[in-house]
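Q: Sharing structure.cif below, mmCIF, C-alpha atoms:
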```
data_model
loop_
_atom_site.label_atom_id
_atom_site.label_comp_id
_atom_site.auth_asym_id
_atom_site.auth_seq_id
_atom_site.Cartn_x
_atom_site.Cartn_y
_atom_site.Cartn_z
CA MET A 1481 -17.36 4.90 13.25
CA ALA A 1482 -15.98 2.33 10.79
CA ILE A 1483 -12.94 0.28 11.77
CA LEU A 1484 -10.77 -1.34 9.13
CA HIS A 1485 -9.18 -4.44 10.65
CA LYS A 1486 -5.95 -6.15 9.65
CA PRO A 1487 -6.12 -7.48 6.06
CA ALA A 1488 -5.27 -11.04 5.03
CA VAL A 1489 -3.28 -11.67 1.85
CA ILE A 1490 -2.20 -14.84 0.08
CA PHE A 1491 0.09 -15.29 -2.90
CA PRO A 1492 0.21 -18.28 -5.26
CA GLU A 1493 3.28 -20.47 -4.79
CA GLU A 1494 4.73 -20.07 -8.30
CA VAL A 1495 7.41 -17.35 -8.38
CA VAL A 1496 8.87 -15.45 -11.34
CA THR A 1497 12.11 -13.51 -10.84
CA LEU A 1498 13.27 -10.39 -12.62
CA GLU A 1499 15.99 -12.42 -14.33
CA GLN A 1500 13.43 -14.89 -15.68
CA THR A 1501 11.25 -12.06 -16.93
CA LEU A 1502 14.12 -10.43 -18.82
CA THR A 1503 15.26 -13.74 -20.30
CA ILE A 1504 11.76 -14.58 -21.52
CA ALA A 1505 11.33 -11.13 -23.08
CA GLU A 1506 14.66 -11.43 -24.88
CA ARG A 1507 13.80 -14.89 -26.20
CA MET A 1508 10.24 -14.20 -27.29
CA HIS A 1509 10.71 -10.68 -28.66
CA ALA A 1510 14.24 -10.75 -30.05
CA ASP A 1511 13.17 -9.06 -33.30
CA ASN A 1512 11.15 -6.29 -31.62
CA PRO A 1513 12.87 -2.93 -32.30
CA ASP A 1514 11.61 -1.64 -28.93
CA LEU A 1515 12.98 -4.58 -26.96
CA GLU A 1516 15.89 -2.71 -25.35
CA LEU A 1517 13.57 0.08 -24.23
CA ALA A 1518 11.13 -2.45 -22.76
CA LEU A 1519 13.93 -4.28 -20.94
CA ARG A 1520 15.19 -1.03 -19.45
CA LEU A 1521 11.70 -0.08 -18.29
CA ILE A 1522 11.18 -3.50 -16.71
CA ARG A 1523 14.47 -3.23 -14.83
CA ASN A 1524 13.47 0.22 -13.58
CA THR A 1525 10.20 -1.02 -12.05
CA GLY A 1526 12.09 -2.33 -9.03
CA VAL A 1527 10.06 -5.55 -9.17
CA GLU A 1528 12.34 -8.40 -8.09
CA THR A 1529 9.83 -11.26 -7.80
CA ARG A 1530 6.20 -11.91 -8.62
CA ASN A 1531 3.79 -14.72 -7.81
CA ILE A 1532 1.68 -16.36 -10.51
CA VAL A 1533 -1.22 -18.76 -10.26
CA GLN A 1534 0.11 -21.29 -12.80
CA PRO A 1535 3.58 -22.62 -13.60
CA LEU A 1536 5.47 -20.31 -15.93
CA GLU A 1537 5.30 -22.62 -18.93
CA LEU A 1538 1.49 -22.69 -18.68
CA THR A 1539 1.29 -18.94 -18.15
CA LEU A 1540 3.16 -18.29 -21.40
CA ARG A 1541 0.66 -20.35 -23.40
CA HIS A 1542 -2.70 -19.07 -24.54
CA PRO A 1543 -5.31 -21.85 -24.50
CA GLY A 1544 -8.09 -19.31 -25.16
CA PHE A 1545 -10.17 -16.91 -23.14
CA GLU A 1546 -12.66 -19.58 -22.07
CA GLU A 1547 -9.99 -21.80 -20.57
CA ARG A 1548 -8.29 -18.91 -18.82
CA ASN A 1549 -11.54 -17.75 -17.29
CA LEU A 1550 -12.21 -21.28 -16.04
CA VAL A 1551 -8.77 -21.24 -14.40
CA HIS A 1552 -9.54 -17.88 -12.82
CA ASN A 1553 -12.79 -19.07 -11.28
CA ARG A 1554 -11.30 -22.38 -10.15
CA GLU A 1555 -8.32 -20.75 -8.45
CA ALA A 1556 -10.49 -18.04 -6.91
CA LYS A 1557 -12.57 -20.74 -5.22
CA HIS A 1558 -9.34 -22.22 -3.87
CA TYR A 1559 -7.73 -19.06 -2.49
CA VAL A 1560 -10.71 -16.91 -1.47
CA PRO A 1561 -11.86 -19.17 1.42
CA ILE A 1562 -8.34 -19.03 2.88
CA VAL A 1563 -8.08 -15.23 3.00
CA VAL A 1564 -11.70 -14.82 4.07
CA ALA A 1565 -11.19 -17.10 7.07
CA GLU A 1566 -8.07 -15.18 8.09
CA ALA A 1567 -9.67 -11.77 7.60
CA LEU A 1568 -12.69 -12.77 9.69
CA ALA A 1569 -10.38 -14.07 12.43
CA ASN A 1570 -8.39 -10.83 12.37
CA ALA A 1571 -11.61 -8.93 13.02
CA GLY A 1572 -13.02 -11.36 15.57
CA LYS A 1573 -16.00 -12.01 13.29
CA THR A 1574 -17.72 -15.01 11.73
CA ALA A 1575 -19.31 -15.29 8.30
CA SER A 1576 -22.74 -14.83 9.84
CA ASP A 1577 -21.68 -11.40 11.14
CA ILE A 1578 -21.08 -10.03 7.64
CA ASP A 1579 -23.79 -7.84 6.08
CA VAL A 1580 -22.21 -7.06 2.71
CA ILE A 1581 -19.51 -8.68 0.58
CA ILE A 1582 -17.64 -6.30 -1.72
CA TYR A 1583 -15.81 -8.40 -4.30
CA VAL A 1584 -13.32 -6.79 -6.67
CA SER A 1585 -11.50 -8.31 -9.62
CA CYS A 1586 -10.48 -7.08 -13.07
CA THR A 1587 -8.78 -10.26 -14.28
CA GLY A 1588 -11.67 -12.70 -14.65
CA PHE A 1589 -15.43 -12.74 -15.03
CA SER A 1590 -18.36 -14.76 -13.75
CA MET A 1591 -22.08 -14.25 -13.43
CA PRO A 1592 -23.37 -14.67 -10.84
CA SER A 1593 -20.45 -13.06 -9.07
CA LEU A 1594 -18.23 -15.13 -6.81
CA THR A 1595 -20.15 -13.46 -3.96
CA ALA A 1596 -23.05 -15.83 -4.65
CA TRP A 1597 -20.72 -18.83 -4.39
CA MET A 1598 -19.30 -17.45 -1.15
CA ILE A 1599 -22.74 -17.06 0.38
CA ASN A 1600 -23.70 -20.58 -0.62
CA GLU A 1601 -20.45 -22.28 0.40
CA LEU A 1602 -18.73 -20.25 3.14
CA GLY A 1603 -21.47 -19.78 5.73
CA PHE A 1604 -22.66 -16.26 4.97
CA ARG A 1605 -26.32 -15.45 5.55
CA PRO A 1606 -28.62 -15.62 2.50
CA SER A 1607 -29.57 -12.00 3.27
CA THR A 1608 -25.97 -10.82 2.82
CA SER A 1609 -25.77 -7.96 0.32
CA GLN A 1610 -23.51 -8.38 -2.71
CA LEU A 1611 -21.46 -5.64 -4.32
CA PRO A 1612 -19.17 -6.90 -7.12
CA ILE A 1613 -16.87 -4.30 -8.71
CA ALA A 1614 -15.32 -5.41 -12.00
CA GLN A 1615 -14.23 -2.41 -14.05
CA LEU A 1616 -12.20 -0.11 -11.82
CA GLY A 1617 -8.99 -2.07 -12.25
CA CYS A 1618 -6.25 -1.15 -9.80
CA ALA A 1619 -8.43 1.57 -8.24
CA ALA A 1620 -10.95 -1.01 -7.06
CA GLY A 1621 -9.14 -1.76 -3.80
CA GLY A 1622 -9.46 1.87 -2.77
CA ALA A 1623 -13.04 1.99 -4.02
CA ALA A 1624 -13.97 -1.10 -2.01
CA ILE A 1625 -12.71 0.52 1.19
CA ALA A 1626 -14.69 3.66 0.43
CA ARG A 1627 -17.87 1.70 -0.33
CA ALA A 1628 -17.43 -0.30 2.90
CA LEU A 1629 -17.34 2.97 4.83
CA ASP A 1630 -20.45 4.19 3.00
CA PHE A 1631 -22.29 0.93 3.80
CA CYS A 1632 -21.37 0.98 7.48
CA ARG A 1633 -22.53 4.57 7.81
CA ALA A 1634 -25.80 3.78 6.08
CA HIS A 1635 -26.35 0.62 8.15
CA PRO A 1636 -25.34 1.18 11.80
CA GLY A 1637 -23.85 -1.86 13.49
CA SER A 1638 -23.01 -3.57 10.22
CA ASN A 1639 -19.89 -5.39 9.01
CA ALA A 1640 -18.49 -5.33 5.47
CA LEU A 1641 -16.13 -7.89 3.96
CA ILE A 1642 -13.87 -6.83 1.09
CA VAL A 1643 -12.30 -9.48 -1.16
CA ALA A 1644 -9.83 -8.66 -3.94
CA CYS A 1645 -8.95 -11.49 -6.31
CA GLU A 1646 -6.43 -10.67 -9.02
CA PHE A 1647 -4.73 -13.18 -11.32
CA CYS A 1648 -3.06 -10.72 -13.67
CA SER A 1649 -0.94 -13.48 -15.24
CA LEU A 1650 -4.09 -14.89 -16.85
CA CYS A 1651 -4.28 -11.72 -18.97
CA TYR A 1652 -0.89 -12.31 -20.61
CA GLN A 1653 -1.17 -11.91 -24.39
CA PRO A 1654 1.86 -13.32 -26.26
CA THR A 1655 1.01 -11.50 -29.50
CA ASP A 1656 0.89 -8.02 -27.93
CA ILE A 1657 4.29 -6.37 -28.47
CA ALA A 1658 3.73 -2.67 -27.70
CA VAL A 1659 6.22 -1.24 -25.20
CA GLY A 1660 3.48 -0.60 -22.63
CA THR A 1661 2.32 -4.19 -22.89
CA LEU A 1662 5.83 -5.62 -22.61
CA LEU A 1663 6.35 -3.44 -19.54
CA SER A 1664 3.14 -4.72 -17.97
CA ASN A 1665 4.32 -8.30 -18.60
CA GLY A 1666 7.18 -7.59 -16.20
CA LEU A 1667 5.16 -5.58 -13.70
CA PHE A 1668 1.95 -7.37 -12.75
CA GLY A 1669 1.57 -10.24 -10.29
CA ASP A 1670 -1.17 -12.37 -8.72
CA ALA A 1671 -2.66 -12.15 -5.24
CA VAL A 1672 -5.88 -12.60 -3.26
CA ALA A 1673 -6.69 -10.41 -0.26
CA ALA A 1674 -9.53 -9.74 2.16
CA VAL A 1675 -10.36 -7.36 5.00
CA VAL A 1676 -13.30 -6.63 7.31
CA VAL A 1677 -14.64 -3.14 7.98
CA SER A 1678 -16.89 -2.89 11.07
CA ASP A 1679 -19.21 -0.10 12.13
CA THR A 1680 -18.55 -0.84 15.80
CA ALA A 1681 -15.42 -1.84 17.67
CA ASN A 1682 -14.98 -4.42 20.39
CA THR A 1683 -12.80 -3.98 23.44
CA GLY A 1684 -9.21 -4.62 22.47
CA ASP A 1685 -9.72 -3.99 18.75
CA VAL A 1686 -6.86 -2.36 16.87
CA GLY A 1687 -7.47 -0.95 13.44
CA ILE A 1688 -7.85 2.11 11.27
CA GLU A 1689 -10.92 4.23 11.87
CA LEU A 1690 -12.08 5.39 8.43
CA ARG A 1691 -13.07 9.05 8.53
CA ARG A 1692 -13.78 10.27 4.99
CA ASN A 1693 -13.68 9.15 1.37
CA ALA A 1694 -13.64 10.78 -2.04
CA SER A 1695 -13.37 9.93 -5.73
CA TYR A 1696 -11.74 11.87 -8.53
CA LEU A 1697 -11.41 11.24 -12.27
CA ILE A 1698 -8.82 13.14 -14.32
CA PRO A 1699 -10.77 14.51 -17.30
CA GLY A 1700 -9.65 13.42 -20.75
CA THR A 1701 -7.66 10.37 -19.65
CA ALA A 1702 -10.23 7.59 -20.11
CA GLU A 1703 -8.15 5.85 -22.79
CA TRP A 1704 -4.85 5.92 -20.90
CA ILE A 1705 -5.46 2.64 -19.02
CA SER A 1706 -7.87 0.24 -20.66
CA TYR A 1707 -8.74 -3.25 -21.79
CA ALA A 1708 -9.37 -4.11 -25.40
CA VAL A 1709 -11.80 -7.02 -25.03
CA ARG A 1710 -11.24 -9.44 -27.91
CA ALA A 1711 -11.85 -13.09 -28.71
CA THR A 1712 -8.56 -13.88 -26.94
CA GLY A 1713 -9.62 -12.10 -23.76
CA PHE A 1714 -8.46 -8.93 -22.03
CA HIS A 1715 -5.68 -7.00 -23.77
CA PHE A 1716 -4.15 -4.49 -21.37
CA GLN A 1717 -3.39 -1.07 -22.90
CA LEU A 1718 -1.16 1.45 -21.12
CA ASP A 1719 -0.43 4.97 -22.31
CA LYS A 1720 3.07 6.35 -21.71
CA ARG A 1721 1.52 9.42 -20.03
CA VAL A 1722 0.11 7.41 -17.10
CA PRO A 1723 3.18 7.74 -14.82
CA GLY A 1724 2.77 11.54 -14.87
CA THR A 1725 -0.73 11.52 -13.42
CA MET A 1726 0.34 12.08 -9.83
CA GLU A 1727 0.99 15.77 -10.50
CA PRO A 1728 -2.74 16.53 -11.04
CA LEU A 1729 -3.81 14.00 -8.38
CA ALA A 1730 -1.59 15.28 -5.55
CA PRO A 1731 -3.68 18.47 -5.15
CA VAL A 1732 -6.79 16.29 -4.91
CA LEU A 1733 -5.22 14.32 -2.06
CA ARG A 1734 -4.44 17.64 -0.37
CA GLN A 1735 -8.00 18.90 -0.78
CA VAL A 1736 -9.53 15.73 0.64
CA SER A 1737 -7.18 15.90 3.62
CA GLU A 1738 -7.90 19.58 4.20
CA ALA A 1739 -11.63 18.82 4.28
CA GLU A 1740 -10.88 16.72 7.38
CA GLY A 1741 -8.61 19.42 8.79
CA TRP A 1742 -5.46 17.46 7.97
CA ASP A 1743 -2.31 18.36 6.04
CA ALA A 1744 -1.60 15.71 3.37
CA GLY A 1745 2.12 16.44 3.66
CA MET A 1746 2.20 15.83 7.41
CA LEU A 1747 0.46 12.48 7.86
CA ASP A 1748 1.75 9.42 9.70
CA PHE A 1749 1.13 6.76 7.06
CA TYR A 1750 0.51 6.58 3.32
CA ILE A 1751 -1.04 3.46 1.79
CA VAL A 1752 -1.21 4.02 -1.95
CA HIS A 1753 -1.41 1.93 -5.09
CA ALA A 1754 2.05 0.86 -6.24
CA GLY A 1755 1.52 1.06 -9.98
CA GLY A 1756 5.24 1.61 -10.42
CA PRO A 1757 8.14 3.48 -8.82
CA ARG A 1758 7.35 6.71 -10.70
CA ILE A 1759 3.95 6.89 -9.00
CA LEU A 1760 5.52 6.70 -5.56
CA ASP A 1761 8.41 9.02 -6.42
CA ASP A 1762 6.07 11.68 -7.78
CA LEU A 1763 3.74 11.50 -4.79
CA SER A 1764 6.76 11.97 -2.55
CA LYS A 1765 7.71 15.03 -4.57
CA PHE A 1766 4.31 16.66 -5.01
CA LEU A 1767 3.12 15.99 -1.45
CA ASP A 1768 6.52 16.97 -0.09
CA VAL A 1769 6.94 13.88 2.07
CA ALA A 1770 9.95 11.63 2.57
CA PRO A 1771 10.23 8.70 0.12
CA ASN A 1772 10.32 6.32 3.09
CA GLN A 1773 6.70 7.21 3.85
CA PHE A 1774 5.71 4.95 0.95
CA ARG A 1775 7.80 2.02 2.15
CA TYR A 1776 4.88 -0.39 2.53
CA SER A 1777 3.74 0.18 -1.05
CA ARG A 1778 7.34 -0.10 -2.27
CA GLU A 1779 7.78 -3.42 -0.45
CA THR A 1780 4.68 -4.81 -2.14
CA LEU A 1781 5.93 -3.63 -5.54
CA THR A 1782 9.42 -5.09 -5.02
CA ARG A 1783 8.34 -8.48 -3.71
CA HIS A 1784 5.13 -9.09 -5.64
CA GLY A 1785 4.82 -6.51 -8.41
CA ASN A 1786 1.66 -4.60 -9.19
CA ILE A 1787 -1.10 -6.86 -7.84
CA ALA A 1788 -3.88 -4.56 -9.06
CA SER A 1789 -6.73 -3.99 -6.59
CA ALA A 1790 -4.95 -6.04 -3.90
CA VAL A 1791 -2.01 -3.61 -3.61
CA VAL A 1792 -3.57 -1.33 -1.00
CA LEU A 1793 -4.63 -4.30 1.12
CA ASP A 1794 -1.16 -5.84 1.07
CA ALA A 1795 0.55 -2.52 1.80
CA MET A 1796 -1.89 -2.04 4.68
CA ARG A 1797 -1.11 -5.52 5.99
CA ARG A 1798 2.55 -4.51 6.10
CA LEU A 1799 1.62 -1.41 8.08
CA PHE A 1800 -0.27 -3.53 10.62
CA GLU A 1801 2.66 -5.95 10.93
CA ASP A 1802 5.37 -3.28 11.27
CA THR A 1803 6.46 -3.66 14.89
CA ASP A 1804 8.37 -0.39 14.71
CA ASN A 1805 5.21 1.54 13.88
CA PRO A 1806 3.57 2.86 17.09
CA LYS A 1807 0.06 2.44 15.62
CA ILE A 1808 -0.90 6.03 16.25
CA GLY A 1809 -1.67 8.90 13.96
CA ARG A 1810 -3.45 9.68 10.73
CA GLY A 1811 -3.04 8.51 7.19
CA ILE A 1812 -4.33 8.30 3.65
CA ILE A 1813 -5.35 5.26 1.58
CA ALA A 1814 -5.56 5.71 -2.18
CA GLY A 1815 -6.04 3.46 -5.19
CA PHE A 1816 -5.41 4.64 -8.75
CA GLY A 1817 -6.70 3.02 -11.92
CA PRO A 1818 -8.55 3.34 -15.22
CA GLY A 1819 -10.35 6.58 -15.78
CA ILE A 1820 -7.79 7.83 -14.69
CA THR A 1821 -9.56 7.36 -11.35
CA ALA A 1822 -8.44 7.95 -7.77
CA GLU A 1823 -10.36 6.37 -4.87
CA ILE A 1824 -9.31 7.95 -1.59
CA SER A 1825 -10.01 7.31 2.10
CA LEU A 1826 -8.68 8.96 5.24
CA GLY A 1827 -8.14 7.00 8.43
CA GLU A 1828 -6.79 7.28 11.94
CA TRP A 1829 -5.46 4.52 14.18
CA TYR A 1830 -8.01 3.17 16.63
CA VAL A 1831 -6.64 1.41 19.69
#
```
Can the structure in the file be given as structure tokens, please?
A:
Amino acid sequence: MAILHKPAVIFPEEVVTLEQTLTIAERMHADNPDLELALRLIRNTGVETRNIVQPLELTLRHPGFEERNLVHNREAKHYVPIVVAEALANAGKTASDIDVIIYVSCTGFSMPSLTAWMINELGFRPSTSQLPIAQLGCAAGGAAIARALDFCRAHPGSNALIVACEFCSLCYQPTDIAVGTLLSNGLFGDAVAAVVVSDTANTGDVGIELRRNASYLIPGTAEWISYAVRATGFHFQLDKRVPGTMEPLAPVLRQVSEAEGWDAGMLDFYIVHAGGPRILDDLSKFLDVAPNQFRYSRETLTRHGNIASAVVLDAMRRLFEDTDNPKIGRGIIAGFGPGITAEISLGEWYV
């Protein structure tokens, strides 16, 4: 048994609206022949607001990769303790109960990982295992859940802590003017999230019992989502074919569900990465489920944009907080990212 407890999520206070995003794009890229296409694509994302870790005027500057990475590490040390404390409280655990910290981020870099700082500063045992994941991008949230299940199965009685720290705004590159890049400038947001996965449950615990996980990489798509790492930092590259990847991935979700004896088109909840509305629309179509089944992911996308690896944790938080949901039944959790990679877990409510 591995129980996923209620996640904790925090968003930076600075907010950028859709109107601000469009105005900035028009001002900064007025001579770009693809501007109108980019503006139309940004409007179609459905993203109304996003949170960013710095004021907008600072975000639009580029002081250099070194300075941005310093900001990333500084702000991570501010926000991570907050979500970790809440996630531990949600699970009825303390830092000393945690056996492994799985830390995911694709928007900053440090060595040693922030896990070492957490162990030193936040009360975790020196024997706590560390598992940083840096290069799975948006799929890393799903991968972290799968690795937490693997750890708990391998170490009976253990507890895993997942932390996702994404400051996508620190990857903004003012000189990148490709349509895919301009679209991403209006799509991505910042967030920090955490959740505990426990091998055993206490009386009164409510959570999602993780049952199975799987990974799948679509062959021949490794260049479709990528970073070009340059002197100025991470340059996000997005191929126009990415939105169509749910057609080959939907059968994979079906196969994983069938291995558990479940029908992927007849589940009770769907927590999937909200990379954009096309992703959710296509999954609805190819899995033959009602669009409303992806409402938690859509809410995250609308209110906060694509928050990379933190999407699945925020969508899951919304599921936990939905008072109209009876907290029964089976569901699927899936993160999609570079590779093109899908990281999939199946779970059933535990009450």
Q: Pick out the residues sitting within 6 Å of region 1484-1493 of chain A, and hand them over as number ranges by chain; count all atoms listed in the file, and ignore anything fewer than 2 positions along from it in its own chain.
A: A: 1531-1533, 1563, 1566-1567, 1570-1571, 1671-1677, 1687-1688, 1797
Q: Written as a VMD selection string, what is the full residue list that the PyMOL selection byres ((chain A and resi 1809) around 12) yields on the file shown?
A: chain A and resid 1687 to 1689 1742 1746 to 1750 1805 to 1808 1810 to 1812 1826 to 1831
Q: Can you pull out the residues contacting Thr1780 (chain A)? Cut-off 7 Å, using all atoms listed in the file, and skip same-chain residues under 3 positions away; I want them as a list in words.
A: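 The contact residues come out as Tyr1776, Ser1777, Arg1783, His1784, Gly1785, Val1791, Asp1794 and Ala1795 of chain A.
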Q: I'd like the neighbourhood of Ile1582 (chain A) as a PyMOL selection string, where a residue qualifies if any of its atoms comes within 8 Å (using all atoms listed in the file), though same-chain residues fewer than 6 positions away should be ignored.
A: chain A and resi 1595+1610-1613+1624+1628+1640-1643
Q: Measuring atom to atom with all atoms listed in the file, identify which of A:His1542, A:Arg1507, A:Arg1530, A:Arg1633 is nearest to Asn1665 (chain A).
A: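 Using all atoms listed in the file, the shortest distance to Asn1665 (chain A) belongs to A:Arg1530.
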Q: Ranking A:His1509, A:Gly1544, A:Tyr1583, A:Arg1691 by minimum distance to Gly1741 (chain A) and counting all atoms listed in the file, which one comes first?
A: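 Of all the options, A:Arg1691 lies closest to Gly1741 (chain A).
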Q: Grab the CA of Asp1577 (chain A) to CA of Ser1638 (chain A) distance for me, in Å with one decimal place.
A: 8.0 Å
Q: Do you have the CA of Met1481 (chain A)-CA of Thr1680 (chain A) distance handy?
A: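 Result for CA of Met1481 (chain A) versus CA of Thr1680 (chain A): 6.4 Å, one decimal.
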Q: I'd like the box whose edges run along x, y and z of the file and which contains every listed atom of region 1626-1639 of chain A, padded by 4 Å per side; could you state its centre and edge lengths in Å, one decimal, as AutoDock Vina command-line options?
A:
```
--center_x -20.5 --center_y -0.4 --center_z 6.6 --size_x 19.7 --size_y 18.0 --size_z 21.8
```
Q: Could you list, as a ChimeraX atom specification, every residue within 9 Å of Thr1501 (chain A), counting only C-alpha atoms and ignoring same-chain residues fewer than 4 positions away?
A: /A:1496-1497,1505-1506,1522,1665-1666
Q: Based on the selection just made, write C-alpha atoms of those residues as a short mmCIF file (atom, residue, chain, number, x, y, z; two decimals), in the frame of the given file.
A:
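Okay, out31.cif is ready:
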```cif
data_model
loop_
_atom_site.label_atom_id
_atom_site.label_comp_id
_atom_site.auth_asym_id
_atom_site.auth_seq_id
_atom_site.Cartn_x
_atom_site.Cartn_y
_atom_site.Cartn_z
CA VAL A 1496 8.87 -15.45 -11.34
CA THR A 1497 12.11 -13.51 -10.84
CA ALA A 1505 11.33 -11.13 -23.08
CA GLU A 1506 14.66 -11.43 -24.88
CA ILE A 1522 11.18 -3.50 -16.71
CA ASN A 1665 4.32 -8.30 -18.60
CA GLY A 1666 7.18 -7.59 -16.20
#
```
Q: If I take CA of Thr1712 (chain A) and CA of Asn1553 (chain A), how far is one from the other in Å, to one decimal?
A: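 Interatomic distance, CA of Thr1712 (chain A) to CA of Asn1553 (chain A): 17.0 Å.
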Q: Please determine, counting all atoms listed in the file, which residue among A:Tyr1652, A:Phe1714, A:Trp1704, A:Tyr1696 has the shortest atom-to-atom distance to Cys1586 (chain A).
A: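 Looking at the shortest contact to Cys1586 (chain A), the residue is A:Phe1714.
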Q: Between A:Ala1744, A:Leu1602, A:Ala1556, A:Ile1657, which is the closest to Pro1513 (chain A) once you count only C-alpha atoms?
A: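 Ranked by minimum distance to Pro1513 (chain A), first place goes to A:Ile1657.
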Q: Pick the closest to Ser1678 (chain A) from A:Glu1646, A:Glu1601, A:Glu1738, A:Asp1630: which is it, counting all atoms listed in the file?
A: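 Closest to Ser1678 (chain A), using all atoms listed in the file: A:Asp1630.
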Q: Looking at only C-alpha atoms, which of A:Ile1625, A:Ala1790, A:Ala1694, A:Ala1822 is the one that sits closest to Glu1740 (chain A)?
A: A:Ala1694
Q: Evaluate the PyMOL selection byres ((chain A and resi 1774) around 9) and record the selected residues as a PyMOL selection string, following the chain and residue labels used in the document.
A: chain A and resi 1749-1752+1760-1761+1763-1764+1770-1773+1775-1779
